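Asker: I'd like to ask some things about the structure below.
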Number of protein chains: 2
Amino acid sequence: MLTIAVDAMGGDHAPKSEVEGAIRAARAYNVRVILVGKEDVLRRELAQHDGHRSLPIEVHHASERITMEESAAKAVRTKRDSSIRVASRLVREGVAQGLVSAGNTGAVMATSKMVQGMIPGVDRPALASAFPTLKGKPAVMVDVGANVDCSPRMLAQFAVMGEIYSRVIFRTESPAVGLLSIGEEESKGNELTRAATPLLKSLPIRFVGNVEGRDVYTGAVDVIVCDGFIGNVALKVSEGLVDVIKHMLQESLEATITRKVGYILSRAGFADFRKRVDYSEYGGAPLLGVRGVCIICHGRSNANAIKNAIRVASEYAGGEIDCRIQEELAQWSGTSVAAARAD
Amino acid sequence: MLTIAVDAMGGDHAPKSEVEGAIRAARAYNVRVILVGKEDVLRRELAQHDGHRSLPIEVHHASERITMEESAAKAVRTKRDSSIRVASRLVREGVAQGLVSAGNTGAVMATSKMVQGMIPGVDRPALASAFPTLKGKPAVMVDVGANVDCSPRMLAQFAVMGEIYSRVIFRTESPAVGLLSIGEEESKGNELTRAATPLLKSLPIRFVGNVEGRDVYTGAVDVIVCDGFIGNVALKVSEGLVDVIKHMLQESLEATITRKVGYILSRAGFADFRKRVDYSEYGGAPLLGVRGVCIICHGRSNANAIKNAIRVASEYAGGEIDCRIQEELAQWSGTSVAAARAD
């Protein structure tokens, strides 16, 4: 049975969402969970849930927590007994096989990179996020915020890591990989995308060339490669737009009695739809490239999001994604990716 | 009465949408329209509409057209009698005060820049697009695709031009201008945004610092400044997401009879909502920085989109936006923007 360490003090609704998510995950999947944080707080929260004693859930004490508002760099340096750091240490020591946190994203990334270390051959870890698509199977976007200024070589590594992730977690047989740009022709794009194209072409993956923003949600490709600045903007714009659409739709549908009745009758349809675009169904964003597993959840994660993140963390660990990344990068290091280093 | 030249051969539905849009605009607004394209084709299309003879609509012949698939650079060089080029020439010669085209965006931008020329003080023209917001008043994003690699100085000029556009077209009194980035703190962002920040601060506009992707649709700011690569991705991701949401919602709502009844009862609400997120209501994207007026519409524009673009073109010309841009840039050229040139 795999063990996942959960930073139980990280999210906006911590430790409530984390504890409830852990209980739901332990019930639904074959997984052991270690909740990391203030022991008394966590025991009190666990006591709210009947039957938790029979589940494979443990508590591991950590005396400090890093808040959302803190500077990540400073907090990581000074708070040596933070819940995220202790949880990451459990992964490094092999006590747990994966880490889940809904805390300060910058602090989680820095901690995981420092404590768990990097996979040999990877220059920088990258955040991957799953986007719902018309085809049903989610598309993976890498990077959605770990690296703001990227080199062509980094984009090539993101492509390799994202492709493996798509194969293992979404069971895509031969994932189509696209480079996010502003036109389909190779000549379209900025300096970075034009420089990355020959490198991506030389990788033994199914690289299909440039894709545009509108292709993200159609499911035209399985993996979308971009720098972390643009990926983060795409992700946040999407989240903002979904919120606004929900709000506008509700406003329109509450305007008259007839519509209200209609709304009530079609409520199940809305619930379906919300579920399909709800980020919490996708279980957080993995930080690809670190040793072991690190799944970063949205700060506002609810118990369902934490539960799904625990599932993804155990599938990730079970699929030995980090070993595969290391092997494939090593295999290619003699060829194109290494050639780029010489540029 | 202002005169707007419409490239009637440009869009996916040309000349149908263009001709019908011109008729609707001439009926609704105090504006004269010159339809530019193959005379026989346009006269035949006009003949489909009763009463068009009493409207202030003229036809101006142009023997060639540039298709969506053509290389913009080559087409602009070789097709000297294209509908877009002839329409742009009418603006340069003062026969028309503005130009509307739903054609090949690259070709329209290059033609307008070359034929109409640039406003003194502007380095590069920029495409501005209006995004619907929760507050009701649209937010203006500049640049959404004219320039893929931008300097900090270009971003500062985009801010000035976008601010004037928001004031004149959306009548925002003192528009709040934000820089699109991946965190609100000044230190967050990439090399470009960090370098642009001091420049933006030195402009006599209400610059509120960084905004995130999720702020685009909340209406937190009136003007969003970014490079054309990121702006284009944000725009296309949004368009793609709206399409997918419409599709998913419809699918969910057609799944059972109860929901179908609900859907029918709430249909007016959906129509409201669609109108609110429909790009065609906003009347195209102005190319800020060229002399005269150039409004670029989506290739798939319908008659309503063309009609609204003609309205925006005449409001733009009436508001003398290009004079204001020239004046304000000249006024500031002695100060910060010029200082940046020295960098």
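How things are named: the first chain in the structure tokens is A, the next is B, and so on; residues count from 1 in each chain; ligands count from 1 in the order shown.
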Counting only C-alpha atoms, what is within 12 Å of Pro125 of chain B, bar same-chain residues fewer than 2 positions away, as a PyMOL selection string?

Answerer: chain B and resi 108-114+116-123+127-128+142-148+150+154-155+157-158+161-162+227-228+286-291+293-294+322+325

Asker: Mind checking which residues fall within 9 Å of Gly183 of chain A, counting only C-alpha atoms, ignoring those fewer than 4 positions away in the same chain, and posting them as a ChimeraX atom specification?

Answerer: /A:187-189,210-212

Asker: I need the helix (DSSP H, G or I) residues of segment 131-340 of chain A per DSSP on the backbone, written as a ChimeraX atom specification.

Answerer: /A:152-169,191-202,213-215,228-253,257-265,267-277,279-282,303-318,321-333,336-340

Asker: Once chain B has been least-squares superposed onto chain A, matching all their Cα atoms in order, can you return it as a compact mmCIF listing (two decimals) with C-alpha atoms, in the first residue's frame?

Answerer:
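New file out.txt:
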```
# COMPACT_ATOMS: atom_id res chain seq x y z
CA MET B 1 -0.01 0.01 -0.04
CA LEU B 2 1.35 3.44 -0.96
CA THR B 3 1.60 6.21 1.61
CA ILE B 4 0.82 9.87 0.84
CA ALA B 5 1.88 12.72 3.15
CA VAL B 6 -0.66 15.55 3.24
CA ASP B 7 0.36 19.05 4.34
CA ALA B 8 -2.71 19.53 6.52
CA MET B 9 -2.10 23.19 7.40
CA GLY B 10 -1.63 24.64 3.90
CA GLY B 11 -4.93 25.54 2.23
CA ASP B 12 -7.46 28.31 2.77
CA HIS B 13 -9.78 25.82 4.50
CA ALA B 14 -7.05 23.97 6.42
CA PRO B 15 -7.20 21.67 8.25
CA LYS B 16 -10.90 20.96 7.58
CA SER B 17 -10.66 20.19 3.84
CA GLU B 18 -7.39 18.29 4.26
CA VAL B 19 -8.69 16.04 7.06
CA GLU B 20 -12.00 15.33 5.35
CA GLY B 21 -10.24 14.76 2.02
CA ALA B 22 -7.86 12.29 3.67
CA ILE B 23 -10.76 10.38 5.20
CA ARG B 24 -12.61 10.19 1.89
CA ALA B 25 -9.45 9.06 0.07
CA ALA B 26 -8.62 6.41 2.66
CA ARG B 27 -12.17 5.06 2.29
CA ALA B 28 -12.21 5.12 -1.51
CA TYR B 29 -8.72 4.05 -2.47
CA ASN B 30 -6.08 1.59 -1.41
CA VAL B 31 -3.91 4.27 0.19
CA ARG B 32 -2.42 5.23 3.56
CA VAL B 33 -2.40 8.93 4.53
CA ILE B 34 -0.12 10.82 6.92
CA LEU B 35 -1.60 14.16 7.96
CA VAL B 36 1.20 16.62 8.76
CA GLY B 37 0.65 19.61 11.04
CA LYS B 38 -0.13 20.63 14.59
CA GLU B 39 -0.97 17.35 16.28
CA ASP B 40 -3.60 18.65 18.73
CA VAL B 41 -5.41 20.59 16.01
CA LEU B 42 -5.44 17.62 13.67
CA ARG B 43 -6.57 15.14 16.32
CA ARG B 44 -9.43 17.47 17.24
CA GLU B 45 -10.46 17.75 13.59
CA LEU B 46 -10.23 13.98 13.08
CA ALA B 47 -12.44 13.44 16.13
CA GLN B 48 -15.28 15.16 14.22
CA HIS B 49 -15.43 12.18 11.90
CA ASP B 50 -16.94 8.88 13.04
CA GLY B 51 -15.01 5.76 12.23
CA HIS B 52 -11.75 7.48 11.36
CA ARG B 53 -9.85 5.13 13.72
CA SER B 54 -10.45 2.16 11.46
CA LEU B 55 -8.89 3.97 8.49
CA PRO B 56 -5.16 3.95 7.55
CA ILE B 57 -4.64 7.57 8.61
CA GLU B 58 -1.81 8.83 10.85
CA VAL B 59 -0.86 12.21 12.24
CA HIS B 60 2.71 13.51 12.11
CA HIS B 61 3.50 16.64 14.12
CA ALA B 62 4.93 19.82 12.60
CA SER B 63 5.02 22.93 14.81
CA GLU B 64 4.96 25.67 12.14
CA ARG B 65 2.91 26.64 9.11
CA ILE B 66 3.58 28.86 6.13
CA THR B 67 0.72 31.23 5.27
CA MET B 68 -0.44 32.29 1.82
CA GLU B 69 0.75 35.85 2.40
CA GLU B 70 4.34 35.03 3.37
CA SER B 71 7.27 35.44 1.01
CA ALA B 72 7.97 31.88 -0.12
CA ALA B 73 11.74 32.32 -0.20
CA LYS B 74 11.93 33.69 3.33
CA ALA B 75 9.43 31.24 4.83
CA VAL B 76 11.22 28.25 3.36
CA ARG B 77 14.53 29.50 4.77
CA THR B 78 13.30 30.29 8.27
CA LYS B 79 10.48 27.87 9.08
CA ARG B 80 12.38 24.62 9.30
CA ASP B 81 9.53 22.79 11.03
CA SER B 82 6.71 23.89 8.73
CA SER B 83 4.05 21.34 7.79
CA ILE B 84 5.07 21.43 4.12
CA ARG B 85 8.75 20.91 4.93
CA VAL B 86 8.09 18.02 7.30
CA ALA B 87 5.76 16.40 4.76
CA SER B 88 8.36 16.76 2.00
CA ARG B 89 10.99 15.23 4.32
CA LEU B 90 8.76 12.17 4.81
CA VAL B 91 8.88 11.67 1.04
CA ARG B 92 12.65 12.12 0.87
CA GLU B 93 13.10 9.57 3.65
CA GLY B 94 10.84 7.07 1.90
CA VAL B 95 8.27 7.06 4.71
CA ALA B 96 5.77 8.40 2.19
CA GLN B 97 5.81 8.01 -1.59
CA GLY B 98 4.07 11.28 -2.37
CA LEU B 99 3.16 14.71 -1.04
CA VAL B 100 -0.06 16.72 -1.38
CA SER B 101 -0.34 20.40 -0.39
CA ALA B 102 -2.88 23.17 -0.93
CA GLY B 103 -0.52 25.71 0.62
CA ASN B 104 1.47 28.70 -0.63
CA THR B 105 2.41 27.49 -4.13
CA GLY B 106 5.79 29.20 -4.19
CA ALA B 107 6.74 27.75 -0.82
CA VAL B 108 5.58 24.25 -1.79
CA MET B 109 7.57 24.33 -5.04
CA ALA B 110 10.74 25.64 -3.38
CA THR B 111 10.49 23.17 -0.49
CA SER B 112 9.84 20.15 -2.66
CA LYS B 113 12.72 21.05 -4.99
CA MET B 114 15.11 21.61 -2.09
CA VAL B 115 14.10 18.75 0.21
CA GLN B 116 13.15 16.01 -2.26
CA GLY B 117 15.66 17.14 -4.88
CA MET B 118 15.51 17.04 -8.66
CA ILE B 119 15.42 14.12 -11.06
CA PRO B 120 18.84 13.86 -12.76
CA GLY B 121 18.65 15.43 -16.22
CA VAL B 122 15.90 17.92 -15.36
CA ASP B 123 16.94 21.60 -15.29
CA ARG B 124 13.81 22.94 -13.60
CA PRO B 125 10.64 21.39 -12.22
CA ALA B 126 7.40 22.39 -13.96
CA LEU B 127 3.78 22.54 -12.86
CA ALA B 128 1.34 20.51 -14.95
CA SER B 129 -2.38 21.20 -14.94
CA ALA B 130 -5.24 19.19 -16.45
CA PHE B 131 -7.78 21.08 -18.56
CA PRO B 132 -11.21 19.58 -19.35
CA THR B 133 -11.81 19.08 -23.07
CA LEU B 134 -14.70 18.44 -25.43
CA LYS B 135 -13.30 14.97 -26.12
CA GLY B 136 -13.69 14.01 -22.45
CA LYS B 137 -10.05 13.18 -21.77
CA PRO B 138 -8.24 16.09 -20.08
CA ALA B 139 -5.38 17.90 -21.79
CA VAL B 140 -2.20 18.45 -19.76
CA MET B 141 -0.59 21.90 -19.85
CA VAL B 142 3.06 22.27 -18.75
CA ASP B 143 4.24 24.70 -17.29
CA VAL B 144 1.44 26.61 -15.54
CA GLY B 145 3.56 28.74 -13.25
CA ALA B 146 6.80 27.30 -11.93
CA ASN B 147 9.08 29.08 -14.41
CA VAL B 148 8.37 32.55 -15.75
CA ASP B 149 11.30 32.87 -18.15
CA CYS B 150 12.07 29.67 -20.02
CA SER B 151 14.73 28.48 -22.46
CA PRO B 152 13.92 26.30 -25.50
CA ARG B 153 15.68 23.42 -23.73
CA MET B 154 13.35 23.77 -20.74
CA LEU B 155 10.32 23.61 -23.04
CA ALA B 156 11.69 20.39 -24.54
CA GLN B 157 12.00 18.87 -21.07
CA PHE B 158 8.45 20.00 -20.23
CA ALA B 159 7.28 18.15 -23.35
CA VAL B 160 8.98 14.93 -22.27
CA MET B 161 7.65 15.14 -18.72
CA GLY B 162 4.11 16.12 -19.79
CA GLU B 163 3.99 13.31 -22.31
CA ILE B 164 4.89 10.69 -19.70
CA TYR B 165 2.37 12.18 -17.28
CA SER B 166 -0.41 12.00 -19.88
CA ARG B 167 0.48 8.39 -20.70
CA VAL B 168 0.55 7.23 -17.06
CA ILE B 169 -2.25 9.23 -15.45
CA PHE B 170 -4.69 9.63 -18.36
CA ARG B 171 -3.64 6.41 -20.12
CA THR B 172 -3.23 8.16 -23.46
CA GLU B 173 -1.49 5.73 -25.75
CA SER B 174 0.55 8.04 -27.92
CA PRO B 175 -0.13 11.57 -26.64
CA ALA B 176 -0.15 14.37 -29.21
CA VAL B 177 2.06 17.19 -27.96
CA GLY B 178 1.53 20.78 -29.12
CA LEU B 179 3.41 24.02 -28.52
CA LEU B 180 1.17 26.89 -27.40
CA SER B 181 1.55 29.74 -29.86
CA ILE B 182 -0.49 32.32 -31.76
CA GLY B 183 -0.83 30.65 -35.13
CA GLU B 184 -0.55 27.15 -36.47
CA GLU B 185 2.24 27.79 -38.95
CA GLU B 186 5.76 27.12 -37.71
CA SER B 187 6.78 30.69 -38.48
CA LYS B 188 4.11 32.08 -36.12
CA GLY B 189 5.04 32.70 -32.52
CA ASN B 190 7.61 34.54 -30.46
CA GLU B 191 11.38 34.09 -30.23
CA LEU B 192 11.03 31.34 -27.64
CA THR B 193 8.51 29.21 -29.54
CA ARG B 194 10.41 29.53 -32.81
CA ALA B 195 13.64 28.46 -31.11
CA ALA B 196 11.92 25.56 -29.31
CA THR B 197 10.30 24.09 -32.43
CA PRO B 198 13.35 22.27 -33.92
CA LEU B 199 14.17 20.89 -30.47
CA LEU B 200 10.63 19.57 -29.97
CA LYS B 201 10.70 18.04 -33.43
CA SER B 202 13.86 16.13 -32.59
CA LEU B 203 12.31 14.43 -29.54
CA PRO B 204 10.89 10.91 -29.94
CA ILE B 205 7.38 12.10 -29.05
CA ARG B 206 4.36 12.80 -31.27
CA PHE B 207 4.94 16.54 -31.63
CA VAL B 208 2.21 18.08 -33.80
CA GLY B 209 3.54 21.65 -33.97
CA ASN B 210 1.92 24.87 -32.81
CA VAL B 211 -1.53 24.96 -31.25
CA GLU B 212 -3.57 28.08 -30.49
CA GLY B 213 -5.34 29.10 -27.31
CA ARG B 214 -8.69 27.94 -28.69
CA ASP B 215 -7.32 24.38 -29.07
CA VAL B 216 -6.71 23.99 -25.33
CA TYR B 217 -10.32 23.01 -24.64
CA THR B 218 -11.17 21.17 -27.84
CA GLY B 219 -8.91 18.26 -27.01
CA ALA B 220 -7.01 18.69 -30.28
CA VAL B 221 -3.85 17.69 -28.39
CA ASP B 222 -3.14 15.78 -25.18
CA VAL B 223 -0.17 17.83 -23.97
CA ILE B 224 0.32 21.58 -24.35
CA VAL B 225 3.80 22.97 -23.78
CA CYS B 226 4.38 26.60 -22.83
CA ASP B 227 6.41 28.78 -20.50
CA GLY B 228 5.07 29.15 -16.96
CA PHE B 229 4.07 32.77 -17.41
CA ILE B 230 1.77 32.13 -20.33
CA GLY B 231 0.50 28.87 -18.82
CA ASN B 232 -0.38 30.60 -15.58
CA VAL B 233 -2.23 33.38 -17.41
CA ALA B 234 -4.14 30.79 -19.48
CA LEU B 235 -5.12 28.91 -16.32
CA LYS B 236 -6.16 31.99 -14.34
CA VAL B 237 -8.05 33.56 -17.26
CA SER B 238 -9.96 30.30 -17.60
CA GLU B 239 -10.80 30.10 -13.90
CA GLY B 240 -11.94 33.71 -13.93
CA LEU B 241 -14.06 33.19 -17.03
CA VAL B 242 -15.79 30.11 -15.60
CA ASP B 243 -16.66 32.05 -12.44
CA VAL B 244 -18.02 34.97 -14.46
CA ILE B 245 -20.05 32.72 -16.75
CA LYS B 246 -21.61 30.92 -13.78
CA HIS B 247 -22.48 34.27 -12.26
CA MET B 248 -23.88 35.82 -15.45
CA LEU B 249 -25.91 32.72 -16.25
CA GLN B 250 -27.39 32.63 -12.78
CA GLU B 251 -28.23 36.32 -12.97
CA SER B 252 -29.94 35.90 -16.34
CA LEU B 253 -31.84 32.86 -15.17
CA GLU B 254 -33.14 34.51 -12.05
CA ALA B 255 -34.55 37.49 -13.91
CA THR B 256 -38.09 36.12 -14.48
CA ILE B 257 -40.38 33.47 -12.97
CA THR B 258 -40.53 31.37 -16.14
CA ARG B 259 -36.81 31.25 -16.29
CA LYS B 260 -36.60 30.38 -12.61
CA VAL B 261 -38.86 27.38 -13.14
CA GLY B 262 -36.74 26.42 -16.11
CA TYR B 263 -33.64 26.77 -14.04
CA ILE B 264 -34.98 24.47 -11.34
CA LEU B 265 -35.98 21.83 -13.90
CA SER B 266 -32.58 21.94 -15.57
CA ARG B 267 -30.59 22.09 -12.35
CA ALA B 268 -29.19 18.58 -12.71
CA GLY B 269 -27.81 19.62 -16.07
CA PHE B 270 -26.05 22.54 -14.47
CA ALA B 271 -24.63 20.31 -11.77
CA ASP B 272 -23.23 18.00 -14.49
CA PHE B 273 -21.73 20.92 -16.25
CA ARG B 274 -20.18 22.39 -13.14
CA LYS B 275 -18.60 19.06 -12.38
CA ARG B 276 -17.11 18.94 -15.84
CA VAL B 277 -15.43 22.31 -15.53
CA ASP B 278 -14.65 22.02 -11.83
CA TYR B 279 -10.91 22.08 -11.20
CA SER B 280 -11.38 20.06 -8.00
CA GLU B 281 -12.25 16.97 -10.03
CA TYR B 282 -8.78 16.91 -11.51
CA GLY B 283 -6.92 16.63 -8.26
CA GLY B 284 -4.29 19.34 -8.31
CA ALA B 285 -1.21 20.08 -10.34
CA PRO B 286 1.82 17.79 -10.13
CA LEU B 287 5.25 19.39 -9.90
CA LEU B 288 7.01 17.38 -12.59
CA GLY B 289 10.75 16.92 -12.29
CA VAL B 290 11.20 16.56 -8.52
CA ARG B 291 12.16 13.22 -6.98
CA GLY B 292 9.19 11.39 -5.56
CA VAL B 293 5.80 13.02 -5.99
CA CYS B 294 4.53 16.51 -5.24
CA ILE B 295 0.91 17.45 -6.02
CA ILE B 296 0.00 21.11 -5.53
CA CYS B 297 -3.66 21.95 -4.99
CA HIS B 298 -5.52 25.23 -5.35
CA GLY B 299 -5.52 27.22 -2.09
CA ARG B 300 -9.30 27.15 -2.01
CA SER B 301 -9.42 23.35 -2.38
CA ASN B 302 -12.36 21.55 -0.81
CA ALA B 303 -12.33 18.01 0.56
CA ASN B 304 -13.15 16.61 -2.86
CA ALA B 305 -10.12 18.30 -4.40
CA ILE B 306 -7.85 16.94 -1.65
CA LYS B 307 -9.29 13.46 -2.05
CA ASN B 308 -8.65 13.54 -5.80
CA ALA B 309 -5.14 14.91 -5.27
CA ILE B 310 -4.35 11.97 -2.96
CA ARG B 311 -5.62 9.62 -5.68
CA VAL B 312 -3.44 11.32 -8.31
CA ALA B 313 -0.41 11.25 -5.99
CA SER B 314 -0.75 7.52 -5.47
CA GLU B 315 -1.32 6.84 -9.18
CA TYR B 316 1.70 9.01 -9.94
CA ALA B 317 3.86 7.12 -7.44
CA GLY B 318 2.50 3.76 -8.63
CA GLY B 319 3.26 4.68 -12.25
CA GLU B 320 6.85 5.49 -11.32
CA ILE B 321 6.69 8.65 -13.38
CA ASP B 322 9.92 10.04 -11.97
CA CYS B 323 11.90 6.92 -12.92
CA ARG B 324 10.49 7.12 -16.43
CA ILE B 325 11.35 10.80 -16.74
CA GLN B 326 14.91 10.10 -15.63
CA GLU B 327 15.28 7.18 -18.05
CA GLU B 328 13.84 8.97 -21.04
CA LEU B 329 15.86 12.13 -20.45
CA ALA B 330 19.04 10.08 -19.98
CA GLN B 331 18.32 8.19 -23.19
CA TRP B 332 17.95 11.41 -25.14
CA SER B 333 20.70 13.34 -23.43
CA GLY B 334 23.20 12.00 -25.92
CA THR B 335 21.15 13.46 -28.76
CA SER B 336 19.09 16.57 -29.29
CA VAL B 337 18.54 17.90 -25.79
CA ALA B 338 22.27 17.77 -25.14
CA ALA B 339 22.90 19.42 -28.47
CA ALA B 340 20.78 22.34 -27.33
CA ARG B 341 22.94 22.77 -24.26
CA ALA B 342 25.86 23.42 -26.58
CA ASP B 343 23.98 26.29 -28.24
```

Asker: How would you write, as a list in words, the set of residues in segment 150-198 of chain A that DSSP gives as strand (DSSP E)?

Answerer: Ala176, Val177, Gly178, Leu179 and Leu180 of chain A
